[in-house]
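Colleague: Quick one: structure below, then a few questions.
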Amino acid sequence: MNRLRKSSAASVLAIVLTLAVSMARATVDYTIKPVRDARQYEVTVSPDHVNGSVVRFQIPVWSPGAYIVANFASNIADVSATVDEKPGTVTHPDPQTWEVDAHGGKSVALRYVVNNADVEWRDGRLKRTHISGPRTYMYVVGRKQEPVRIAVLRPAADLPIICNLDAGSKRKDAAEADYVAKSYDVMADAPVEMGDFADDVFQVHGIDHHVVLYGNYASADRAKLKEYCRRVAETEEAFFGDIPFHRYVFFFRSAGANQDGAGGLEHLGATEIGMRGVVGDRLRSVIAHEFFHLWNVKRIRPFVLGPFDYVNPPHTSNLWWSEGVTSYYGDLLSRRAGINTDQEYLKHLADTITLLQNNASRLKVTADESSYKVWDRGGSQGFGGLSYYTKGELIGLCLDMRIRHETGNRRSLDDVIRALYIQCGRGNGPGFSEDDIQKTVNKVAGKDLSSFYGQLARSTEEMPFTECLGYAGLKLRQATDAEVSPDTGMVARADNERKAYRVRVVIPGGPAEGAGIRDDDVIMAIDGAPVGLAARPFGDARPGDHHKLTLDRGGSRVEVEFTVGASKRRPWIVEQDAAATPEQMQLRASWLNGRAAGS
């Protein structure tokens with residue numbers, strides 16, 4: 001009997017090991033090729049070990065980090081399939097899904113064309129192209145967590161190419177660039193640039209960090225940009241004491257304009273940043289924000305943000321933490337690195353407080369609600385006119401000050417975010433639950449701060465800025481004179497795909513809403529002149545300026561009459577209190593310099 005049991009157990013073990021080996025070998029192969037003289041890619045998806053009747057493929061409806069529903073399926077064309085290298089049958093049951101009848105076959109390959117791709121040709125030669133994941137790659141339903149290989153076919157073998165993924169070993173010739181990833185999620189989160197780009201490299205602890213510039217980058221200050229990236233990387237990696245990647249790529253698309261400013265999208269081992277041209281403090285702030293996302297949101301994440309559901313957008317009340325607290329640390333750590341002065345950082349906080357306090361939505365929408373309902377407005381900034389970036393940054397400030405005050409400056413928000421990083425397995429474990437931020441705040445503070453936390457994140461009460469800044473010997477006051485500034489009533493961000501500006505948020509009751517402008521409209525022209533990406537729309541606007549805007553609204557051309565409004569506001573000022581106690585000054589110094597009490 002014992003021998004029989006051992007034999008049966010051995011047989012079961014052998015079967016399990018055989019299945020495990022078979023599953024380990026299962027991969028999904030991708031091949032992507034720019035179509036000559038066109039803004040198109042040809043993509044082939046070939047999953048191993050099909051052994052089924054129907055194989056389903058889907059294109060995402062959103063990209064992680066951009067909390068807005070996108071119509072990626074509208075760019076998919078000419079879909080076909082082969083089964084065992086013979087023509088197969090493809091059906092299209094819904095806008096995101098294609099099905100292939102494998103009728104017992106062993107191999108399936110789905111081929112399709114991606115239109116409106118970011119590809120530039122010159123005289124029949126590829127000038128450059130940028131491949132961005134979710135809008136380009138379909139996935140095999142039920143197999144997103146399997147290993148992936150991707151081959152990028154270069155029209156010419158001498159074209160440079162860069163990606164943060166590890167190189168594979170299946171390359172057939174110099175015209176094929178081969179990469180591997182442990183899953184679809186990782187592959188789709190790794191942009192690729194090929195062709196005309198500049199690449200400056202620095203190292204931190206022996207790990208390469210690439211600063212890649214493409215577009216109209218000839219006049220960009222590459223040395224200053226590299227220095228910003230280096231100092232940000234060194235500071236933020238030291239903050240966590242961990243570098244969670246093999247290589248990192250900063251992708252910068254330069255519009256070549258004589259303006260500072262940028263917008264970005266974070267990835268696991270890279271970031272995509274659209275810059276106007278000038279390497280200044282606003283661009284520095286975006287770099288610091290996007291790089292901090294390596295930890296906060298990519299690895300310290302709400303549990304619904306990975307593995308991803310690309311068809312049903314996930315909801316979480318904690319985007320104010322993922323985005324706003326990232327903004328808080330991006331600028332605070334730049335101060336600790338000495339990139340900015342105390343005065344510059346305090347002015348930044350004052351400007352952020354001014355922005356929130358002049359937004360009536362703060363008294364109508366909570367930070368949790370702005371996060372959870374972001375999909376309802378399609379703005380990727382927040383719901384109901386309240387930006388979870390702005391309020392989340394100031395929640396971070398107040399939580400940090402309160403924890404320092406309650407613990408005699410021995411603990412801080414730094415301890416909270418590091419504890420969440422450990423809880424999330426340094427990115428290798430599940431994300432945190434909806435109430436885990438509050439629980440961790442209470443644990444670090446050694447006191448129940450639930451009521452205070454609720455006031456900040458879950459209520460529309462005014463934020464206790466005077467109290468919290470007072471802990472650090474700082475005063476908050478409002479300027480006597482009001483400032484008059486132009487008010488468009490909307491937030492527009494660069495849309496690299498459309499080479500125009502997309503309206504992300506329309507402020508309720510503002511000039512944009514009054515003109516009939518809607519969230520997700522693309523501003524194609526102002527007074528008949530194409531917008532492009534070289535200059536920010538209404539960057540030089542004055543109150544009362546009247547314009548005719550040409551918009552793209554879901555593929556339809558819409559023209560509206562638009563008048564720039566006027567915003568009158570008294571700015572807030574954060575300054576040092578001459579009567580601050582030694583304890584308050586010590587708290588301020590450790591907060592700004594990143595040192596614990598007594599160090």
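Ligands are numbered from 1 in the order shown, residues from 1 within each chain, and chains are lettered A, B, ... in the order they appear in the structure tokens.
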Could you give me, as a PyMOL selection string, the residues within 12 Å of Glu462 in chain A, counting only C-alpha atoms and dropping anything in the same chain fewer than 5 positions from it?
Modeller: chain A and resi 353+356-366+391+394-395+452+454-457+467
Colleague: I'd like the neighbourhood of Val574 in chain A as a ChimeraX atom specification, where a residue qualifies if any of its atoms comes within 9 Å (using only C-alpha atoms), though same-chain residues fewer than 3 positions away should be ignored.
Modeller: /A:346-347,349-350,469,474-478
Colleague: Could those residues be written to a file, using N, CA and C atoms, as a compact mmCIF listing (two decimals), in the first residue's frame?
Modeller:
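Writing done, so here's again.txt:
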```
# COMPACT_ATOMS: atom_id res chain seq x y z
N LEU A 346 8.45 77.20 -0.72
CA LEU A 346 7.32 77.77 0.02
C LEU A 346 6.40 78.54 -0.92
N LYS A 347 6.97 79.20 -1.92
CA LYS A 347 6.12 79.90 -2.90
C LYS A 347 5.31 78.89 -3.71
N LEU A 349 4.21 76.01 -2.62
CA LEU A 349 3.10 75.60 -1.76
C LEU A 349 2.01 76.67 -1.71
N ALA A 350 2.43 77.93 -1.62
CA ALA A 350 1.47 79.03 -1.57
C ALA A 350 0.65 79.09 -2.86
N LEU A 469 0.68 74.28 8.96
CA LEU A 469 1.90 75.03 8.67
C LEU A 469 2.51 75.58 9.96
N LEU A 474 5.50 78.23 10.35
CA LEU A 474 5.18 78.96 9.12
C LEU A 474 3.83 79.64 9.28
N LYS A 475 3.68 80.77 8.62
CA LYS A 475 2.42 81.51 8.65
C LYS A 475 1.82 81.54 7.26
N LEU A 476 0.50 81.56 7.23
CA LEU A 476 -0.24 81.68 5.98
C LEU A 476 -1.06 82.96 6.02
N ARG A 477 -0.87 83.79 5.02
CA ARG A 477 -1.67 85.01 4.94
C ARG A 477 -2.05 85.27 3.49
N GLN A 478 -3.07 86.08 3.31
CA GLN A 478 -3.54 86.40 1.97
C GLN A 478 -3.11 87.81 1.60
```
Colleague: Which neighbours of Arg299 in chain A fall inside 8 Å, counting only C-alpha atoms, when residues of the same chain fewer than 3 positions from it are skipped, and could you give them as a VMD selection string?
Modeller: chain A and resid 294 to 296 421 424 426 to 428 431
Colleague: Please extract the residues of range 9-167 of chain A with a backbone DSSP assignment of strand (DSSP E) and present them as a PyMOL selection string.
Modeller: chain A and resi 28-34+41-47+54-58+76-83+86-87+90-94+97-101+108-114+118-122+125-131+139-140+148-153+161-163+166-167
Colleague: Go ahead and write the residues just picked, C-alpha atoms, as a PDB file, in the first residue's frame.
Modeller:
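Contents of the output file part-v1.pdb:
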```pdb
ATOM      1  CA  VAL A  28       2.800  35.270 -26.787  1.00  0.00           C
ATOM      2  CA  ASP A  29       4.916  36.617 -29.649  1.00  0.00           C
ATOM      3  CA  TYR A  30       4.455  40.081 -31.157  1.00  0.00           C
ATOM      4  CA  THR A  31       5.922  41.473 -34.364  1.00  0.00           C
ATOM      5  CA  ILE A  32       5.544  45.142 -35.237  1.00  0.00           C
ATOM      6  CA  LYS A  33       6.593  46.895 -38.435  1.00  0.00           C
ATOM      7  CA  PRO A  34       6.105  50.506 -39.591  1.00  0.00           C
ATOM      8  CA  TYR A  41       2.044  49.811 -38.027  1.00  0.00           C
ATOM      9  CA  GLU A  42       1.512  46.215 -39.041  1.00  0.00           C
ATOM     10  CA  VAL A  43       1.191  44.046 -35.923  1.00  0.00           C
ATOM     11  CA  THR A  44       1.104  40.254 -35.621  1.00  0.00           C
ATOM     12  CA  VAL A  45       0.144  38.472 -32.383  1.00  0.00           C
ATOM     13  CA  SER A  46       1.005  34.769 -32.166  1.00  0.00           C
ATOM     14  CA  PRO A  47       0.149  32.896 -28.943  1.00  0.00           C
ATOM     15  CA  VAL A  54     -11.782  30.019 -30.074  1.00  0.00           C
ATOM     16  CA  VAL A  55      -8.977  32.469 -29.330  1.00  0.00           C
ATOM     17  CA  ARG A  56     -10.077  35.949 -28.277  1.00  0.00           C
ATOM     18  CA  PHE A  57      -8.056  39.131 -28.717  1.00  0.00           C
ATOM     19  CA  GLN A  58      -8.841  42.562 -27.268  1.00  0.00           C
ATOM     20  CA  ILE A  76      -7.530  49.094 -35.769  1.00  0.00           C
ATOM     21  CA  ALA A  77      -8.030  47.998 -39.401  1.00  0.00           C
ATOM     22  CA  ASP A  78      -7.457  45.124 -41.848  1.00  0.00           C
ATOM     23  CA  VAL A  79      -7.738  42.365 -39.260  1.00  0.00           C
ATOM     24  CA  SER A  80      -7.023  38.834 -40.483  1.00  0.00           C
ATOM     25  CA  ALA A  81      -5.839  35.531 -39.054  1.00  0.00           C
ATOM     26  CA  THR A  82      -4.177  32.251 -39.879  1.00  0.00           C
ATOM     27  CA  VAL A  83      -4.646  28.909 -38.159  1.00  0.00           C
ATOM     28  CA  LYS A  86      -3.812  28.679 -43.304  1.00  0.00           C
ATOM     29  CA  PRO A  87      -6.468  31.454 -43.599  1.00  0.00           C
ATOM     30  CA  VAL A  90     -12.217  36.243 -37.645  1.00  0.00           C
ATOM     31  CA  THR A  91     -15.353  37.638 -36.040  1.00  0.00           C
ATOM     32  CA  HIS A  92     -15.735  40.991 -34.280  1.00  0.00           C
ATOM     33  CA  PRO A  93     -18.390  40.607 -31.548  1.00  0.00           C
ATOM     34  CA  ASP A  94     -17.816  44.000 -29.918  1.00  0.00           C
ATOM     35  CA  THR A  97     -12.834  42.136 -29.259  1.00  0.00           C
ATOM     36  CA  TRP A  98     -11.838  39.910 -32.196  1.00  0.00           C
ATOM     37  CA  GLU A  99     -12.311  36.129 -32.146  1.00  0.00           C
ATOM     38  CA  VAL A 100     -10.497  33.488 -34.196  1.00  0.00           C
ATOM     39  CA  ASP A 101     -11.966  30.015 -34.677  1.00  0.00           C
ATOM     40  CA  VAL A 108      -2.940  31.051 -34.426  1.00  0.00           C
ATOM     41  CA  ALA A 109      -1.616  34.360 -35.711  1.00  0.00           C
ATOM     42  CA  LEU A 110      -3.711  37.540 -35.718  1.00  0.00           C
ATOM     43  CA  ARG A 111      -2.586  40.363 -38.018  1.00  0.00           C
ATOM     44  CA  TYR A 112      -3.881  43.927 -38.044  1.00  0.00           C
ATOM     45  CA  VAL A 113      -2.959  47.498 -38.939  1.00  0.00           C
ATOM     46  CA  VAL A 114      -2.800  50.377 -36.472  1.00  0.00           C
ATOM     47  CA  ASP A 118       3.314  58.148 -34.448  1.00  0.00           C
ATOM     48  CA  VAL A 119       5.501  57.538 -37.523  1.00  0.00           C
ATOM     49  CA  GLU A 120       7.435  60.082 -39.598  1.00  0.00           C
ATOM     50  CA  TRP A 121       8.929  59.339 -43.014  1.00  0.00           C
ATOM     51  CA  ARG A 122      11.239  61.496 -45.114  1.00  0.00           C
ATOM     52  CA  ARG A 125      13.186  56.604 -45.244  1.00  0.00           C
ATOM     53  CA  LEU A 126      11.888  56.283 -41.715  1.00  0.00           C
ATOM     54  CA  LYS A 127      12.783  59.460 -39.816  1.00  0.00           C
ATOM     55  CA  ARG A 128      11.457  58.328 -36.450  1.00  0.00           C
ATOM     56  CA  THR A 129       8.622  56.526 -34.687  1.00  0.00           C
ATOM     57  CA  HIS A 130       7.355  56.155 -31.136  1.00  0.00           C
ATOM     58  CA  ILE A 131       5.506  52.984 -30.172  1.00  0.00           C
ATOM     59  CA  TYR A 139      -3.713  40.972 -25.860  1.00  0.00           C
ATOM     60  CA  VAL A 140      -4.901  37.374 -25.786  1.00  0.00           C
ATOM     61  CA  VAL A 148       5.875  37.998 -24.036  1.00  0.00           C
ATOM     62  CA  ARG A 149       8.360  38.434 -26.874  1.00  0.00           C
ATOM     63  CA  ILE A 150       8.271  41.455 -29.156  1.00  0.00           C
ATOM     64  CA  ALA A 151      10.207  41.905 -32.397  1.00  0.00           C
ATOM     65  CA  VAL A 152      10.383  45.417 -33.870  1.00  0.00           C
ATOM     66  CA  LEU A 153      11.239  45.253 -37.566  1.00  0.00           C
ATOM     67  CA  ILE A 161      16.216  52.002 -31.246  1.00  0.00           C
ATOM     68  CA  ILE A 162      15.710  52.189 -27.486  1.00  0.00           C
ATOM     69  CA  CYS A 163      13.384  50.568 -24.946  1.00  0.00           C
ATOM     70  CA  ASP A 166      15.512  43.400 -21.681  1.00  0.00           C
ATOM     71  CA  ALA A 167      16.786  42.235 -25.064  1.00  0.00           C
TER      72      ALA A 167
END
```
Colleague: Could you list, as a ChimeraX atom specification, every residue within 12 Å of Arg301 in chain A, counting only C-alpha atoms and ignoring same-chain residues fewer than 2 positions away?
Modeller: /A:64-65,293-299,303-308,316-323,326,417,420-434,436-437
Colleague: Find the nearest atom pair between each residue of range 493-528 of chain A and range 368-383 of chain A for residues within 12 Å, count only C-alpha atoms, give distances in Å to one decimal, sort rows by chain and ascending number, and present the table as a tab-separated table.
Modeller:
```
residue	atom	partner	partner_atom	distance
A:Arg493	CA	A:Gly379	CA	10.1
A:Arg502	CA	A:Gly379	CA	9.7
A:Val503	CA	A:Gly379	CA	7.7
A:Arg504	CA	A:Gly379	CA	4.2
A:Val505	CA	A:Gly379	CA	5.0
A:Val506	CA	A:Gly379	CA	8.2
A:Ile507	CA	A:Phe383	CA	10.0
A:Pro508	CA	A:Phe383	CA	10.6
A:Arg518	CA	A:Arg377	CA	9.5
A:Asp519	CA	A:Gly379	CA	6.3
A:Asp520	CA	A:Gly378	CA	6.9
A:Asp521	CA	A:Gly379	CA	10.4
```
Colleague: Mind the document's chain letters and residue numbers, and return as number ranges by chain the residues of range 94-243 of chain A that DSSP labels helix (DSSP H, G or I).
Modeller: A: 184-188, 222-240
Colleague: Need to verify the contact set: His547 in chain A, 8 Å, only C-alpha atoms, exclusion of same-chain residues closer than 3 positions in sequence. Can you return it as a PyMOL selection string?
Modeller: chain A and resi 526-527+561-563
Colleague: Hey, can you spit out that residue selection with N, CA and C atoms as an mmCIF file, in the first residue's frame?
Modeller:
```
data_model
loop_
_atom_site.group_PDB
_atom_site.id
_atom_site.type_symbol
_atom_site.label_atom_id
_atom_site.label_comp_id
_atom_site.auth_asym_id
_atom_site.auth_seq_id
_atom_site.Cartn_x
_atom_site.Cartn_y
_atom_site.Cartn_z
ATOM 1 N N ILE A 526 -7.285 77.607 -33.818
ATOM 2 C CA ILE A 526 -7.781 78.822 -33.174
ATOM 3 C C ILE A 526 -7.776 79.921 -34.227
ATOM 4 N N ASP A 527 -8.961 80.456 -34.498
ATOM 5 C CA ASP A 527 -9.123 81.477 -35.547
ATOM 6 C C ASP A 527 -8.551 81.000 -36.874
ATOM 7 N N GLU A 561 -17.696 79.760 -30.610
ATOM 8 C CA GLU A 561 -17.210 81.106 -30.299
ATOM 9 C C GLU A 561 -16.815 81.126 -28.827
ATOM 10 N N PHE A 562 -15.593 81.581 -28.560
ATOM 11 C CA PHE A 562 -15.057 81.484 -27.206
ATOM 12 C C PHE A 562 -14.443 82.813 -26.778
ATOM 13 N N THR A 563 -14.807 83.265 -25.584
ATOM 14 C CA THR A 563 -14.251 84.499 -25.026
ATOM 15 C C THR A 563 -13.521 84.189 -23.726
#
```
Colleague: Env of range 536-539 of chain A: 10 Å cut, atoms = only C-alpha atoms, seq-sep filter 6 positions within chain, self excluded. Answer as an mmCIF file with C-alpha atoms, in the first residue's frame.
Modeller:
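Listing of selection_23.cif after writing:
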```
data_model
loop_
_atom_site.group_PDB
_atom_site.id
_atom_site.type_symbol
_atom_site.label_atom_id
_atom_site.label_comp_id
_atom_site.auth_asym_id
_atom_site.auth_seq_id
_atom_site.Cartn_x
_atom_site.Cartn_y
_atom_site.Cartn_z
ATOM 1 C CA ALA A 257 8.825 76.220 -28.435
ATOM 2 C CA GLN A 259 8.279 78.023 -23.331
ATOM 3 C CA ASP A 260 8.731 76.065 -20.127
ATOM 4 C CA GLY A 261 6.244 73.389 -19.124
ATOM 5 C CA ALA A 262 5.377 69.776 -19.826
ATOM 6 C CA ARG A 276 7.472 72.660 -24.925
ATOM 7 C CA PRO A 486 -7.059 85.319 -17.864
ATOM 8 C CA ASP A 487 -9.458 82.452 -17.229
ATOM 9 C CA THR A 488 -10.253 79.891 -19.918
ATOM 10 C CA ALA A 492 -5.960 71.392 -21.931
ATOM 11 C CA ARG A 493 -3.072 68.961 -22.277
ATOM 12 C CA ALA A 494 -0.851 68.126 -25.235
ATOM 13 C CA ALA A 500 -2.938 69.187 -30.855
ATOM 14 C CA TYR A 501 -4.324 69.946 -27.406
ATOM 15 C CA ILE A 523 -8.569 71.920 -30.096
ATOM 16 C CA ALA A 525 -7.384 75.356 -34.684
ATOM 17 C CA ILE A 526 -7.781 78.822 -33.174
ATOM 18 C CA ASP A 545 -10.016 88.065 -26.080
ATOM 19 C CA HIS A 547 -11.668 83.476 -30.678
ATOM 20 C CA VAL A 564 -11.472 84.413 -22.445
#
```
